[in-house]
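A.B. asks: Below you'll find the structure I mean.
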Amino acid sequence: MTSTVLSRHCAVCDRETSLWCSRCQAVWYCSQEHNTQAWPEHRLQCRSVATVPNSDTIATSTHIRWQRSVQAIFLPMNEDHPRMITVNLRPSGGACPVPMLEPYCKGSPNSIVLQRALNEDLLRFPLHLFYDSERHVNRAVQRITTGLAEKPFLGNVVVLKYNGTRRADYMDPTTHDLPTLSAYFLYCQ
């Protein structure tokens with residue numbers, strides 16, 4: 001589930017919506033019809049997200065500022081339990097949004113995508129793990145594996161969940177994803 005700083009409203013009818021222009025990702029529409037109806041005027045202002053300066057917030061043509069975010073599982077190296085955090089997402093030119101992981105991971109974190117469950121079945125919603133490169137025993141990882149993870153995992157871990165196998169966007173993970181993570185830390189790392 002995504003959240004916003006302010007409500008997003010259709011540029012044509014002002015109805016609350018969760019759909020936006022796929023090119024600029026700055027103007028909202030409640031339907032394809034309203035998107036098509038507004039296009040002759042909007043196309044004069046519409047710029048691809050790839051040409052918009054990197055920023056956590058984007059100003060729309062109606063001067064509403066929004067910030068998209070999702071929940072993530074955070075496995076802190078110095079705490080005993082994983083917890084849920086909110087991660088802001090920055091749009092990227094046509095690809096999956098870029099998660100803003102500061103202050104949870106230092107610098108440019110390493111990442112891996114878990115696409116298969118322990119039984120080798122494809123995960124309908126793959127998990128994207130980001131982790132620090134510092135080598136420390138992660139107490140939260142030790143907790144979810146009941147201390148059986150043989151190698152210390154690397155620093156803090158942030159886990160996002162893709163919204164499908166095409167890995168085009170993120171959605172909120174749940175505690176039901178912990179067994180897949182536990183299996184990864186026990187057998188696959």
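Note on naming: chains are A, B, ... as they come in the structure tokens, residues start from 1 per chain, ligands start from 1 in the order shown.
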Write out as a list in words the residues lying within 9 Å of Gly164 of chain A, counting only C-alpha atoms and excluding same-chain residues fewer than 4 positions away.
C.D. replies: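 Within the cut-off, the hits are Leu123, Arg124, Phe125, Pro126, Ala168, Asp169 and Tyr170 of chain A.
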A.B. asks: Residues of segment 10-35 of chain A within 10 Å of segment 85-97 of chain A: nearest atom pair and distance (Å, one decimal) for each, counting only C-alpha atoms, sorted by chain and number, as CSV?
C.D. replies:
```
residue,atom,partner,partner_atom,distance
A:Ser22,CA,A:Gly94,CA,7.9
A:Arg23,CA,A:Gly94,CA,7.6
A:Cys24,CA,A:Gly93,CA,8.7
A:Gln25,CA,A:Pro91,CA,7.7
A:Ala26,CA,A:Pro91,CA,9.9
```
A.B. asks: Could you dump the residues just selected with N, CA and C atoms as an mmCIF file, in the first residue's frame?
C.D. replies:
```cif
data_model
loop_
_atom_site.group_PDB
_atom_site.id
_atom_site.type_symbol
_atom_site.label_atom_id
_atom_site.label_comp_id
_atom_site.auth_asym_id
_atom_site.auth_seq_id
_atom_site.Cartn_x
_atom_site.Cartn_y
_atom_site.Cartn_z
ATOM 1 N N SER A 22 1.941 8.114 -16.653
ATOM 2 C CA SER A 22 3.076 7.197 -16.587
ATOM 3 C C SER A 22 4.364 7.820 -17.120
ATOM 4 N N ARG A 23 4.251 8.914 -17.849
ATOM 5 C CA ARG A 23 5.445 9.546 -18.410
ATOM 6 C C ARG A 23 6.115 10.455 -17.389
ATOM 7 N N CYS A 24 5.365 11.414 -16.841
ATOM 8 C CA CYS A 24 5.964 12.368 -15.906
ATOM 9 C C CYS A 24 5.740 11.978 -14.445
ATOM 10 N N GLN A 25 4.763 11.150 -14.163
ATOM 11 C CA GLN A 25 4.418 10.704 -12.819
ATOM 12 C C GLN A 25 4.160 11.876 -11.881
ATOM 13 N N ALA A 26 3.629 12.977 -12.438
ATOM 14 C CA ALA A 26 3.397 14.170 -11.638
ATOM 15 C C ALA A 26 1.953 14.648 -11.668
#
```
A.B. asks: From the DSSP assignment of the backbone, select every residue of segment 25-187 of chain A that is strand (DSSP E), and format the answer as a short mmCIF file (atom, residue, chain, number, x, y, z; two decimals) with all heavy atoms, in the first residue's frame.
C.D. replies:
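Contents of part-v5.cif, freshly written:
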```cif
data_model
loop_
_atom_site.label_atom_id
_atom_site.label_comp_id
_atom_site.auth_asym_id
_atom_site.auth_seq_id
_atom_site.Cartn_x
_atom_site.Cartn_y
_atom_site.Cartn_z
N ILE A 58 8.08 15.61 -5.89
CA ILE A 58 7.87 16.15 -7.23
C ILE A 58 6.70 17.11 -7.16
O ILE A 58 5.67 16.81 -6.58
CB ILE A 58 7.58 15.02 -8.24
CG1 ILE A 58 8.80 14.14 -8.37
CG2 ILE A 58 7.16 15.58 -9.58
CD1 ILE A 58 8.59 12.97 -9.28
N ALA A 59 6.84 18.28 -7.78
CA ALA A 59 5.75 19.25 -7.80
C ALA A 59 4.86 18.95 -9.00
O ALA A 59 5.35 18.74 -10.09
CB ALA A 59 6.30 20.66 -7.90
N ARG A 65 2.45 18.69 -3.71
CA ARG A 65 3.70 17.93 -3.63
C ARG A 65 3.38 16.59 -3.00
O ARG A 65 2.65 16.49 -2.05
CB ARG A 65 4.72 18.71 -2.80
CG ARG A 65 5.07 20.04 -3.46
CD ARG A 65 5.97 20.86 -2.63
NE ARG A 65 7.31 20.34 -2.50
CZ ARG A 65 8.26 20.41 -3.43
NH1 ARG A 65 8.00 20.97 -4.57
NH2 ARG A 65 9.45 19.92 -3.20
N TRP A 66 3.96 15.55 -3.58
CA TRP A 66 3.67 14.21 -3.08
C TRP A 66 4.96 13.43 -2.94
O TRP A 66 5.96 13.72 -3.56
CB TRP A 66 2.70 13.47 -3.98
CG TRP A 66 3.22 13.22 -5.37
CD1 TRP A 66 3.16 14.06 -6.43
CD2 TRP A 66 3.88 12.05 -5.84
NE1 TRP A 66 3.72 13.49 -7.53
CE2 TRP A 66 4.19 12.26 -7.19
CE3 TRP A 66 4.25 10.85 -5.25
CZ2 TRP A 66 4.84 11.32 -7.96
CZ3 TRP A 66 4.91 9.92 -6.02
CH2 TRP A 66 5.19 10.16 -7.36
N ARG A 68 5.95 9.25 -2.51
CA ARG A 68 5.46 7.89 -2.47
C ARG A 68 6.34 7.08 -1.53
O ARG A 68 7.56 7.23 -1.52
CB ARG A 68 5.52 7.33 -3.89
CG ARG A 68 4.81 6.05 -4.00
CD ARG A 68 4.42 5.77 -5.44
NE ARG A 68 4.14 4.37 -5.46
CZ ARG A 68 4.99 3.46 -5.90
NH1 ARG A 68 6.10 3.80 -6.43
NH2 ARG A 68 4.69 2.19 -5.82
N SER A 69 5.72 6.21 -0.76
CA SER A 69 6.48 5.39 0.17
C SER A 69 5.83 4.03 0.33
O SER A 69 4.65 3.87 0.01
CB SER A 69 6.60 6.09 1.53
OG SER A 69 5.33 6.32 2.07
N VAL A 70 6.61 3.06 0.78
CA VAL A 70 6.12 1.73 1.07
C VAL A 70 6.71 1.28 2.40
O VAL A 70 7.68 1.86 2.89
CB VAL A 70 6.50 0.69 -0.03
CG1 VAL A 70 5.79 0.99 -1.33
CG2 VAL A 70 7.99 0.60 -0.22
N GLN A 71 6.12 0.26 2.96
CA GLN A 71 6.68 -0.37 4.16
C GLN A 71 7.80 -1.32 3.74
O GLN A 71 7.79 -1.85 2.62
CB GLN A 71 5.60 -1.14 4.91
CG GLN A 71 4.52 -0.26 5.51
CD GLN A 71 5.09 0.62 6.60
OE1 GLN A 71 5.59 0.15 7.60
NE2 GLN A 71 5.01 1.93 6.40
N ALA A 72 8.73 -1.55 4.63
CA ALA A 72 9.82 -2.49 4.39
C ALA A 72 10.11 -3.22 5.69
O ALA A 72 9.80 -2.71 6.78
CB ALA A 72 11.07 -1.76 3.90
N ILE A 73 10.68 -4.40 5.59
CA ILE A 73 11.14 -5.13 6.77
C ILE A 73 12.57 -4.70 7.03
O ILE A 73 13.41 -4.76 6.12
CB ILE A 73 11.06 -6.66 6.57
CG1 ILE A 73 9.60 -7.09 6.33
CG2 ILE A 73 11.65 -7.39 7.77
CD1 ILE A 73 9.46 -8.55 5.91
N PHE A 74 12.85 -4.26 8.24
CA PHE A 74 14.20 -3.84 8.61
C PHE A 74 14.75 -4.83 9.62
O PHE A 74 14.14 -5.09 10.66
CB PHE A 74 14.15 -2.43 9.20
CG PHE A 74 15.49 -1.88 9.61
CD1 PHE A 74 16.59 -1.95 8.76
CD2 PHE A 74 15.64 -1.27 10.84
CE1 PHE A 74 17.82 -1.42 9.14
CE2 PHE A 74 16.86 -0.74 11.23
CZ PHE A 74 17.95 -0.81 10.38
N LEU A 75 15.91 -5.41 9.30
CA LEU A 75 16.60 -6.32 10.20
C LEU A 75 17.87 -5.60 10.67
O LEU A 75 18.92 -5.68 10.03
CB LEU A 75 16.95 -7.63 9.49
CG LEU A 75 15.73 -8.43 9.04
CD1 LEU A 75 15.73 -8.64 7.55
CD2 LEU A 75 15.67 -9.74 9.78
N ARG A 83 11.74 -5.22 12.34
CA ARG A 83 10.63 -4.29 12.50
C ARG A 83 10.28 -3.68 11.16
O ARG A 83 11.07 -3.74 10.22
CB ARG A 83 10.94 -3.22 13.53
CG ARG A 83 12.16 -2.39 13.25
CD ARG A 83 12.43 -1.44 14.43
NE ARG A 83 13.77 -0.92 14.43
CZ ARG A 83 14.11 0.29 13.98
NH1 ARG A 83 13.18 1.09 13.48
NH2 ARG A 83 15.35 0.69 14.01
N MET A 84 9.09 -3.12 11.08
CA MET A 84 8.63 -2.48 9.86
C MET A 84 9.06 -1.02 9.87
O MET A 84 8.99 -0.35 10.91
CB MET A 84 7.11 -2.57 9.73
CG MET A 84 6.57 -3.99 9.66
SD MET A 84 7.24 -4.97 8.32
CE MET A 84 6.32 -4.32 6.95
N ILE A 85 9.52 -0.54 8.71
CA ILE A 85 9.90 0.86 8.55
C ILE A 85 9.22 1.39 7.28
O ILE A 85 8.74 0.60 6.46
CB ILE A 85 11.43 1.03 8.44
CG1 ILE A 85 11.99 0.23 7.24
CG2 ILE A 85 12.12 0.65 9.73
CD1 ILE A 85 13.45 0.51 6.94
N THR A 86 9.22 2.68 7.13
CA THR A 86 8.71 3.31 5.91
C THR A 86 9.89 3.75 5.08
O THR A 86 10.80 4.42 5.58
CB THR A 86 7.82 4.52 6.25
OG1 THR A 86 6.71 4.06 7.04
CG2 THR A 86 7.30 5.19 5.00
N VAL A 87 9.88 3.36 3.79
CA VAL A 87 10.95 3.74 2.86
C VAL A 87 10.33 4.60 1.77
O VAL A 87 9.36 4.20 1.13
CB VAL A 87 11.62 2.48 2.26
CG1 VAL A 87 12.61 2.86 1.16
CG2 VAL A 87 12.31 1.66 3.34
N ASN A 88 10.90 5.78 1.56
CA ASN A 88 10.46 6.65 0.48
C ASN A 88 11.01 6.14 -0.84
O ASN A 88 12.13 5.62 -0.90
CB ASN A 88 10.92 8.09 0.72
CG ASN A 88 10.25 8.70 1.93
OD1 ASN A 88 9.10 8.42 2.20
ND2 ASN A 88 10.98 9.51 2.66
N LEU A 89 10.22 6.31 -1.90
CA LEU A 89 10.62 5.88 -3.24
C LEU A 89 10.73 7.09 -4.14
O LEU A 89 9.88 7.97 -4.12
CB LEU A 89 9.59 4.91 -3.82
CG LEU A 89 9.34 3.63 -3.03
CD1 LEU A 89 8.19 2.85 -3.65
CD2 LEU A 89 10.59 2.77 -2.95
N ARG A 90 11.79 7.12 -4.93
CA ARG A 90 11.99 8.18 -5.91
C ARG A 90 11.72 7.60 -7.29
O ARG A 90 12.26 6.55 -7.63
CB ARG A 90 13.43 8.69 -5.83
CG ARG A 90 13.76 9.75 -6.86
CD ARG A 90 15.15 10.32 -6.66
NE ARG A 90 16.18 9.35 -6.46
CZ ARG A 90 16.89 8.78 -7.45
NH1 ARG A 90 16.66 9.07 -8.69
NH2 ARG A 90 17.83 7.91 -7.17
N VAL A 98 13.30 4.02 -7.17
CA VAL A 98 14.54 3.86 -6.41
C VAL A 98 14.24 4.09 -4.94
O VAL A 98 13.74 5.15 -4.56
CB VAL A 98 15.60 4.87 -6.89
CG1 VAL A 98 16.86 4.78 -6.05
CG2 VAL A 98 15.90 4.67 -8.37
N PRO A 99 14.51 3.08 -4.08
CA PRO A 99 14.28 3.28 -2.65
C PRO A 99 15.35 4.18 -2.03
O PRO A 99 16.52 4.07 -2.36
CB PRO A 99 14.36 1.86 -2.08
CG PRO A 99 15.09 1.05 -3.08
CD PRO A 99 14.95 1.73 -4.40
N MET A 100 14.91 5.07 -1.16
CA MET A 100 15.82 5.96 -0.44
C MET A 100 16.10 5.28 0.91
O MET A 100 15.27 5.31 1.80
CB MET A 100 15.17 7.33 -0.24
CG MET A 100 14.62 7.94 -1.54
SD MET A 100 15.83 8.08 -2.86
CE MET A 100 16.87 9.34 -2.20
N ASN A 110 24.64 -3.10 -1.06
CA ASN A 110 24.56 -4.24 -1.97
C ASN A 110 23.11 -4.71 -1.99
O ASN A 110 22.35 -4.42 -1.07
CB ASN A 110 25.46 -5.37 -1.49
CG ASN A 110 26.91 -4.97 -1.45
OD1 ASN A 110 27.40 -4.34 -2.36
ND2 ASN A 110 27.58 -5.30 -0.37
N SER A 111 22.73 -5.46 -3.02
CA SER A 111 21.36 -5.97 -3.05
C SER A 111 21.30 -7.32 -3.74
O SER A 111 22.19 -7.68 -4.51
CB SER A 111 20.41 -4.99 -3.72
OG SER A 111 20.61 -4.97 -5.11
N ILE A 112 20.23 -8.04 -3.44
CA ILE A 112 19.96 -9.32 -4.06
C ILE A 112 18.43 -9.47 -4.15
O ILE A 112 17.72 -8.95 -3.30
CB ILE A 112 20.58 -10.50 -3.27
CG1 ILE A 112 20.43 -11.80 -4.03
CG2 ILE A 112 20.00 -10.60 -1.88
CD1 ILE A 112 21.25 -12.94 -3.49
N VAL A 113 17.96 -10.15 -5.17
CA VAL A 113 16.53 -10.38 -5.34
C VAL A 113 16.26 -11.87 -5.12
O VAL A 113 16.87 -12.72 -5.78
CB VAL A 113 16.06 -9.97 -6.75
CG1 VAL A 113 14.58 -10.30 -6.94
CG2 VAL A 113 16.30 -8.48 -6.97
N LEU A 114 15.38 -12.17 -4.17
CA LEU A 114 14.98 -13.55 -3.93
C LEU A 114 13.76 -13.83 -4.80
O LEU A 114 12.70 -13.25 -4.61
CB LEU A 114 14.61 -13.76 -2.46
CG LEU A 114 15.68 -13.45 -1.42
CD1 LEU A 114 15.18 -13.79 -0.04
CD2 LEU A 114 16.96 -14.18 -1.72
N GLN A 115 13.93 -14.73 -5.78
CA GLN A 115 12.86 -15.03 -6.72
C GLN A 115 12.23 -16.39 -6.47
O GLN A 115 11.18 -16.70 -7.01
CB GLN A 115 13.39 -15.00 -8.15
CG GLN A 115 13.92 -13.63 -8.53
CD GLN A 115 14.31 -13.58 -9.97
OE1 GLN A 115 13.45 -13.53 -10.83
NE2 GLN A 115 15.62 -13.60 -10.22
N ARG A 116 12.89 -17.22 -5.66
CA ARG A 116 12.39 -18.56 -5.41
C ARG A 116 12.27 -18.82 -3.91
O ARG A 116 13.06 -18.36 -3.12
CB ARG A 116 13.30 -19.61 -6.01
CG ARG A 116 13.35 -19.52 -7.52
CD ARG A 116 14.00 -20.76 -8.12
NE ARG A 116 13.96 -20.69 -9.56
CZ ARG A 116 12.97 -21.15 -10.30
NH1 ARG A 116 11.94 -21.74 -9.73
NH2 ARG A 116 12.98 -21.05 -11.61
N LEU A 122 8.67 -20.47 -7.81
CA LEU A 122 8.85 -19.05 -8.04
C LEU A 122 7.98 -18.26 -7.08
O LEU A 122 6.82 -18.61 -6.86
CB LEU A 122 8.46 -18.68 -9.48
CG LEU A 122 9.50 -18.92 -10.55
CD1 LEU A 122 8.92 -18.61 -11.93
CD2 LEU A 122 10.74 -18.11 -10.32
N LEU A 123 8.54 -17.22 -6.51
CA LEU A 123 7.76 -16.34 -5.65
C LEU A 123 6.90 -15.43 -6.52
O LEU A 123 7.40 -14.83 -7.48
CB LEU A 123 8.68 -15.47 -4.78
CG LEU A 123 9.49 -16.18 -3.71
CD1 LEU A 123 10.47 -15.21 -3.06
CD2 LEU A 123 8.56 -16.78 -2.66
N ARG A 124 5.65 -15.34 -6.22
CA ARG A 124 4.77 -14.45 -6.98
C ARG A 124 5.18 -12.99 -6.77
O ARG A 124 5.08 -12.16 -7.67
CB ARG A 124 3.33 -14.66 -6.53
CG ARG A 124 2.36 -13.80 -7.28
CD ARG A 124 0.94 -14.15 -6.96
NE ARG A 124 0.04 -13.28 -7.70
CZ ARG A 124 -1.20 -13.06 -7.36
NH1 ARG A 124 -1.71 -13.66 -6.31
NH2 ARG A 124 -1.95 -12.26 -8.06
N PHE A 125 5.67 -12.69 -5.57
CA PHE A 125 6.13 -11.36 -5.23
C PHE A 125 7.56 -11.47 -4.70
O PHE A 125 7.78 -11.70 -3.51
CB PHE A 125 5.22 -10.72 -4.17
CG PHE A 125 3.77 -10.69 -4.56
CD1 PHE A 125 2.85 -11.55 -3.97
CD2 PHE A 125 3.33 -9.81 -5.55
CE1 PHE A 125 1.52 -11.52 -4.34
CE2 PHE A 125 2.00 -9.78 -5.92
CZ PHE A 125 1.09 -10.64 -5.33
N PRO A 126 8.57 -11.34 -5.59
CA PRO A 126 9.97 -11.47 -5.16
C PRO A 126 10.34 -10.47 -4.08
O PRO A 126 9.73 -9.40 -3.96
CB PRO A 126 10.75 -11.20 -6.45
CG PRO A 126 9.80 -11.46 -7.56
CD PRO A 126 8.44 -11.09 -7.03
N LEU A 127 11.32 -10.81 -3.29
CA LEU A 127 11.81 -9.95 -2.22
C LEU A 127 13.14 -9.34 -2.64
O LEU A 127 14.01 -10.03 -3.19
CB LEU A 127 11.99 -10.75 -0.93
CG LEU A 127 10.73 -11.40 -0.38
CD1 LEU A 127 11.05 -12.26 0.84
CD2 LEU A 127 9.68 -10.35 -0.03
N HIS A 128 13.31 -8.05 -2.40
CA HIS A 128 14.53 -7.34 -2.75
C HIS A 128 15.24 -6.97 -1.45
O HIS A 128 14.73 -6.17 -0.67
CB HIS A 128 14.16 -6.09 -3.55
CG HIS A 128 15.31 -5.49 -4.28
ND1 HIS A 128 15.16 -4.41 -5.11
CD2 HIS A 128 16.62 -5.80 -4.33
CE1 HIS A 128 16.33 -4.10 -5.64
NE2 HIS A 128 17.23 -4.92 -5.17
N LEU A 129 16.40 -7.58 -1.22
CA LEU A 129 17.18 -7.35 -0.01
C LEU A 129 18.29 -6.36 -0.29
O LEU A 129 19.03 -6.51 -1.27
CB LEU A 129 17.83 -8.64 0.49
CG LEU A 129 16.99 -9.62 1.27
CD1 LEU A 129 15.97 -10.28 0.40
CD2 LEU A 129 17.88 -10.66 1.91
N PHE A 130 18.41 -5.35 0.56
CA PHE A 130 19.51 -4.40 0.52
C PHE A 130 20.29 -4.58 1.81
O PHE A 130 19.69 -4.70 2.87
CB PHE A 130 19.00 -2.96 0.42
CG PHE A 130 18.25 -2.67 -0.84
CD1 PHE A 130 16.89 -2.89 -0.92
CD2 PHE A 130 18.92 -2.19 -1.96
CE1 PHE A 130 16.19 -2.62 -2.09
CE2 PHE A 130 18.23 -1.92 -3.13
CZ PHE A 130 16.87 -2.14 -3.20
N TYR A 131 21.63 -4.59 1.73
CA TYR A 131 22.40 -4.80 2.95
C TYR A 131 23.72 -4.04 2.89
O TYR A 131 24.29 -3.80 1.84
CB TYR A 131 22.64 -6.29 3.20
CG TYR A 131 23.31 -7.01 2.05
CD1 TYR A 131 24.69 -7.16 2.01
CD2 TYR A 131 22.56 -7.55 1.02
CE1 TYR A 131 25.31 -7.81 0.95
CE2 TYR A 131 23.16 -8.21 -0.03
CZ TYR A 131 24.54 -8.34 -0.06
OH TYR A 131 25.14 -8.98 -1.11
N VAL A 157 19.92 -4.95 7.22
CA VAL A 157 19.24 -5.48 6.05
C VAL A 157 17.87 -4.80 5.93
O VAL A 157 17.13 -4.71 6.91
CB VAL A 157 19.02 -7.01 6.16
CG1 VAL A 157 18.30 -7.54 4.93
CG2 VAL A 157 20.35 -7.74 6.38
N VAL A 158 17.55 -4.31 4.73
CA VAL A 158 16.24 -3.73 4.43
C VAL A 158 15.62 -4.60 3.34
O VAL A 158 16.26 -4.88 2.33
CB VAL A 158 16.34 -2.27 3.95
CG1 VAL A 158 14.97 -1.73 3.54
CG2 VAL A 158 16.97 -1.39 5.02
N VAL A 159 14.38 -5.04 3.56
CA VAL A 159 13.71 -5.93 2.62
C VAL A 159 12.46 -5.26 2.06
O VAL A 159 11.56 -4.91 2.81
CB VAL A 159 13.31 -7.27 3.29
CG1 VAL A 159 12.66 -8.20 2.28
CG2 VAL A 159 14.52 -7.93 3.94
N LEU A 160 12.45 -5.08 0.73
CA LEU A 160 11.28 -4.56 0.03
C LEU A 160 10.66 -5.70 -0.74
O LEU A 160 11.31 -6.71 -1.02
CB LEU A 160 11.69 -3.44 -0.93
CG LEU A 160 12.22 -2.17 -0.28
CD1 LEU A 160 12.82 -1.25 -1.32
CD2 LEU A 160 11.12 -1.46 0.46
N LYS A 161 9.40 -5.54 -1.11
CA LYS A 161 8.69 -6.60 -1.81
C LYS A 161 8.18 -6.05 -3.15
O LYS A 161 7.55 -5.00 -3.19
CB LYS A 161 7.50 -7.06 -0.96
CG LYS A 161 6.75 -8.24 -1.51
CD LYS A 161 5.69 -8.66 -0.49
CE LYS A 161 5.01 -9.93 -0.87
NZ LYS A 161 4.09 -10.38 0.18
N TYR A 162 8.53 -6.76 -4.23
CA TYR A 162 8.03 -6.36 -5.55
C TYR A 162 6.55 -6.67 -5.66
O TYR A 162 6.06 -7.61 -5.05
CB TYR A 162 8.78 -7.09 -6.65
CG TYR A 162 10.17 -6.56 -6.89
CD1 TYR A 162 11.29 -7.31 -6.57
CD2 TYR A 162 10.37 -5.31 -7.46
CE1 TYR A 162 12.57 -6.83 -6.80
CE2 TYR A 162 11.63 -4.82 -7.70
CZ TYR A 162 12.73 -5.58 -7.37
OH TYR A 162 13.99 -5.11 -7.60
N TYR A 170 7.14 -1.59 -6.16
CA TYR A 170 7.17 -2.20 -4.84
C TYR A 170 5.81 -2.14 -4.18
O TYR A 170 4.98 -1.30 -4.50
CB TYR A 170 8.17 -1.48 -3.94
CG TYR A 170 9.61 -1.66 -4.35
CD1 TYR A 170 10.33 -0.60 -4.89
CD2 TYR A 170 10.24 -2.88 -4.21
CE1 TYR A 170 11.66 -0.76 -5.26
CE2 TYR A 170 11.57 -3.05 -4.57
CZ TYR A 170 12.27 -1.98 -5.10
OH TYR A 170 13.58 -2.14 -5.47
N MET A 171 5.59 -3.05 -3.23
CA MET A 171 4.41 -3.06 -2.38
C MET A 171 4.86 -3.38 -0.97
O MET A 171 6.04 -3.66 -0.73
CB MET A 171 3.40 -4.11 -2.88
CG MET A 171 3.93 -5.53 -2.87
SD MET A 171 2.86 -6.71 -3.66
CE MET A 171 1.84 -7.21 -2.31
#
```
A.B. asks: Which residue is closest to Ala149 of chain A? Choose from A:Ala183, A:Leu118, A:Leu19, A:Leu178 and count only C-alpha atoms.
C.D. replies: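 Selected residue with least distance to Ala149 of chain A: A:Ala183.
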A.B. asks: At what distance in Å, to one decimal, does atom CA of Pro76 of chain A lie from atom CA of Arg139 of chain A?
C.D. replies: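 About the pair atom CA of Arg139 of chain A and atom CA of Pro76 of chain A: they are 7.2 Å apart.
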A.B. asks: Neighbours of Glu134 of chain A within 12 Å (only C-alpha atoms; same-chain residues fewer than 2 positions away dropped), as JSON, numbers by chain?
C.D. replies: {"A": [77, 105, 106, 107, 108, 109, 110, 131, 132, 136, 137, 138, 152, 153, 154, 155, 156, 157]}
A.B. asks: Can you list, as a list in words, every protein, DNA or RNA residue that comes within 10 Å of Thr17 of chain A when you count only C-alpha atoms, leaving out same-chain residues fewer than 4 positions away?
C.D. replies: Ser7, Arg8, His9, Cys10, Ala11, Trp28, Tyr29, Cys30 and Ser31 of chain A
A.B. asks: Output the selection as a tab-separated table (two decimals), in the first residue's frame - C-alpha atoms for each residue.
C.D. replies:
```tsv
chain	number	residue	atom	x	y	z
A	7	SER	CA	-4.15	13.47	-1.23
A	8	ARG	CA	-3.87	13.02	-4.99
A	9	HIS	CA	-6.77	14.23	-7.07
A	10	CYS	CA	-7.72	13.82	-10.73
A	11	ALA	CA	-6.61	16.82	-12.80
A	28	TRP	CA	-3.06	12.35	-11.48
A	29	TYR	CA	-6.14	11.00	-13.32
A	30	CYS	CA	-9.02	8.85	-12.10
A	31	SER	CA	-9.43	7.03	-15.44
```
A.B. asks: Show which residues sit within 12 Å of Ala38 of chain A, as a ChimeraX atom specification. Count only C-alpha atoms, and ignore same-chain residues fewer than 2 positions away.
C.D. replies: /A:10-13,21,27-36,40-46
A.B. asks: Which residue, A:Ser182, A:Thr174, A:Ser18, A:Gln37, has the smallest gap to Thr145 of chain A when you use only C-alpha atoms?
C.D. replies: A:Ser182
A.B. asks: Rounded to one decimal, what separation in Å do you get between atom CA of Asn119 of chain A and atom CA of Ala140 of chain A?
C.D. replies: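 It comes out at 23.6 Å.
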A.B. asks: When you count only C-alpha atoms, which of these residues is closest to Gly147 of chain A: A:Pro103, A:Thr165, A:Arg15, A:Phe185?
C.D. replies: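 Of A:Pro103, A:Thr165, A:Arg15, A:Phe185, the one nearest Gly147 of chain A, counting only C-alpha atoms, is A:Phe185.
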